[in-house]
Amino acid sequence: MNRALPVVRLRVPTDEDAVAWHRVFDDPDVMEFHGGKSADLSVYEELTARQRRHDAELGFCLWTMVDESGQVMGFTGAQPWPREWGPTGEIEIGWRLGRDFWGKGYATAAAQMTLERLRAAGVPSVVAMVMPGNERSIAVTRRLGMEPAETFPHPRLQEDALCFRLQLQNSHAQ
C-alpha cells in the first residue's frame with residue numbers, strides 16, 4: 001500500500017529538545033530495542049549537544065522531528081557510528097519516535113528527508129543498525145531501499161545486530 005507520507009519537519013536539536021526526547025522516549029515499548037529502559041535526562045542532554053556539534057562540523061546530525069503542530073515526536077537523522085563495535089567509520093542513519101507517533105509514516109518520511117540531506121552533503125553511503133525482532137525499523141529500512149548487508153556481535157546482548165546498507169552516491173561524478 002502506497003499512502004501519502006505525513007508532513008514532518010526536522011530541526012537541529014535544542015537544549016529544550018533533550019527534555020522533550022526524554023519525555024517521549026520514557027516508555028518501555030519505545031526503549032525495547034535500546035536497552036529496555038528509559039535513559040536519564042543527562043543522556044539526552046549529552047546527545048543533543050553532540051548532535052549540534054555534528055551539524056556544525058558535518059552538516060548533518062540526528063535532527064528533532066516535529067509534527068505539523070510543532071510537537072516533538074522524536075529524532076531521525078545520521079551520525080558517525082558512535083561505538084567501538086559494529087560498522088566503525090561509517091555514517092549511520094537512525095530514528096526513534098514516541099509511541100503515539102508509530103505506524104503513521106513519520107519515520108519513513110523523516111528518513112527520506114535525511115537521505116536527501118545526506119546526498120546533498122556528499123555522503124557516499126549509510127548503514128542502519130537494527131536489532132533482530134525490531135520489525136518496525138526493519139520495515140523502514142526496506143522502504144528506504146536499504147539492503148541487509150551483515151551482522152555484528154552485540155557486546156551486551158545474545159543476538160547479533162543487523163546491518164543494512166544503502167549507496168547514496170553513484171560511483172561516477174555527480
# chains A, B, ... in the order shown; residues from 1 in each chain; ligands from 1

$ closest_atom_pairs --of "segment 94-138 of chain A" --to "segment 72-78 of chain A" --cutoff "8 Å" --atoms "only C-alpha atoms" --output "tab-separated table"
residue	atom	partner	partner_atom	distance
A:Gly94	CA	A:Thr76	CA	5.5
A:Trp95	CA	A:Thr76	CA	4.0
A:Arg96	CA	A:Phe75	CA	5.5
A:Leu97	CA	A:Gly74	CA	4.4
A:Gly98	CA	A:Met73	CA	5.7
A:Phe101	CA	A:Met73	CA	6.6
A:Ala107	CA	A:Thr76	CA	7.3
A:Ala110	CA	A:Thr76	CA	6.4
A:Ala111	CA	A:Thr76	CA	6.4
A:Thr114	CA	A:Gly77	CA	5.5

$ residues_around --residues "Ser69 of chain A" --least-positions-apart "3" --cutoff "12 Å" --atoms "only C-alpha atoms" --output "list in words"
Val7, Val8, Arg9, Met65, Val66, Val72 and Met73 of chain A

$ closest_residue --among "A:Tyr44, A:Tyr106, A:Phe152, A:Trp63" --to "Arg23 of chain A" --atoms "only C-alpha atoms"
A:Tyr44

$ closest_residue --among "A:Ala109, A:Ala39, A:Ala149, A:Ile138" --to "Asp27 of chain A" --atoms "only C-alpha atoms"
A:Ala39

$ closest_residue --among "A:Pro87, A:Leu115, A:Leu5, A:Asp17" --to "Gly103 of chain A" --atoms "only C-alpha atoms"
A:Leu5

$ closest_residue --among "A:Trp21, A:Val30, A:Asp15, A:His154" --to "Arg83 of chain A" --atoms "only C-alpha atoms"
A:His154

$ decode --residues "segment 106-120 of chain A" --atoms "N, CA, C and O atoms" --output "mmCIF file, in the first residue's frame"
data_model
loop_
_atom_site.group_PDB
_atom_site.id
_atom_site.type_symbol
_atom_site.label_atom_id
_atom_site.label_comp_id
_atom_site.auth_asym_id
_atom_site.auth_seq_id
_atom_site.Cartn_x
_atom_site.Cartn_y
_atom_site.Cartn_z
ATOM 1 N N TYR A 106 5.689 8.570 9.863
ATOM 2 C CA TYR A 106 6.606 9.654 10.226
ATOM 3 C C TYR A 106 8.072 9.248 10.092
ATOM 4 O O TYR A 106 8.884 10.022 9.577
ATOM 5 N N ALA A 107 8.426 8.051 10.560
ATOM 6 C CA ALA A 107 9.835 7.629 10.487
ATOM 7 C C ALA A 107 10.290 7.539 9.041
ATOM 8 O O ALA A 107 11.386 8.000 8.698
ATOM 9 N N THR A 108 9.455 6.977 8.183
ATOM 10 C CA THR A 108 9.817 6.856 6.772
ATOM 11 C C THR A 108 9.954 8.229 6.132
ATOM 12 O O THR A 108 10.935 8.503 5.422
ATOM 13 N N ALA A 109 8.996 9.123 6.362
ATOM 14 C CA ALA A 109 9.052 10.467 5.785
ATOM 15 C C ALA A 109 10.311 11.198 6.238
ATOM 16 O O ALA A 109 11.027 11.797 5.415
ATOM 17 N N ALA A 110 10.610 11.145 7.520
ATOM 18 C CA ALA A 110 11.778 11.848 8.052
ATOM 19 C C ALA A 110 13.075 11.205 7.570
ATOM 20 O O ALA A 110 14.043 11.908 7.260
ATOM 21 N N ALA A 111 13.108 9.883 7.479
ATOM 22 C CA ALA A 111 14.317 9.201 6.995
ATOM 23 C C ALA A 111 14.553 9.515 5.525
ATOM 24 O O ALA A 111 15.708 9.674 5.097
ATOM 25 N N GLN A 112 13.501 9.626 4.727
ATOM 26 C CA GLN A 112 13.669 10.010 3.323
ATOM 27 C C GLN A 112 14.238 11.421 3.214
ATOM 28 O O GLN A 112 15.117 11.686 2.386
ATOM 29 N N MET A 113 13.772 12.335 4.069
ATOM 30 C CA MET A 113 14.329 13.689 4.096
ATOM 31 C C MET A 113 15.807 13.640 4.486
ATOM 32 O O MET A 113 16.635 14.370 3.931
ATOM 33 N N THR A 114 16.125 12.771 5.443
ATOM 34 C CA THR A 114 17.517 12.614 5.873
ATOM 35 C C THR A 114 18.386 12.162 4.706
ATOM 36 O O THR A 114 19.479 12.701 4.496
ATOM 37 N N LEU A 115 17.922 11.173 3.941
ATOM 38 C CA LEU A 115 18.706 10.680 2.801
ATOM 39 C C LEU A 115 18.954 11.805 1.791
ATOM 40 O O LEU A 115 20.070 11.931 1.261
ATOM 41 N N GLU A 116 17.943 12.636 1.547
ATOM 42 C CA GLU A 116 18.129 13.768 0.626
ATOM 43 C C GLU A 116 19.211 14.716 1.142
ATOM 44 O O GLU A 116 20.076 15.172 0.382
ATOM 45 N N ARG A 117 19.171 15.011 2.431
ATOM 46 C CA ARG A 117 20.162 15.913 3.021
ATOM 47 C C ARG A 117 21.561 15.288 2.986
ATOM 48 O O ARG A 117 22.551 15.995 2.759
ATOM 49 N N LEU A 118 21.649 13.981 3.214
ATOM 50 C CA LEU A 118 22.951 13.311 3.189
ATOM 51 C C LEU A 118 23.530 13.294 1.774
ATOM 52 O O LEU A 118 24.727 13.496 1.588
ATOM 53 N N ARG A 119 22.676 13.038 0.779
ATOM 54 C CA ARG A 119 23.146 13.090 -0.618
ATOM 55 C C ARG A 119 23.684 14.485 -0.926
ATOM 56 O O ARG A 119 24.746 14.629 -1.543
ATOM 57 N N ALA A 120 22.956 15.516 -0.512
ATOM 58 C CA ALA A 120 23.383 16.899 -0.766
ATOM 59 C C ALA A 120 24.703 17.209 -0.066
ATOM 60 O O ALA A 120 25.504 18.008 -0.568
#
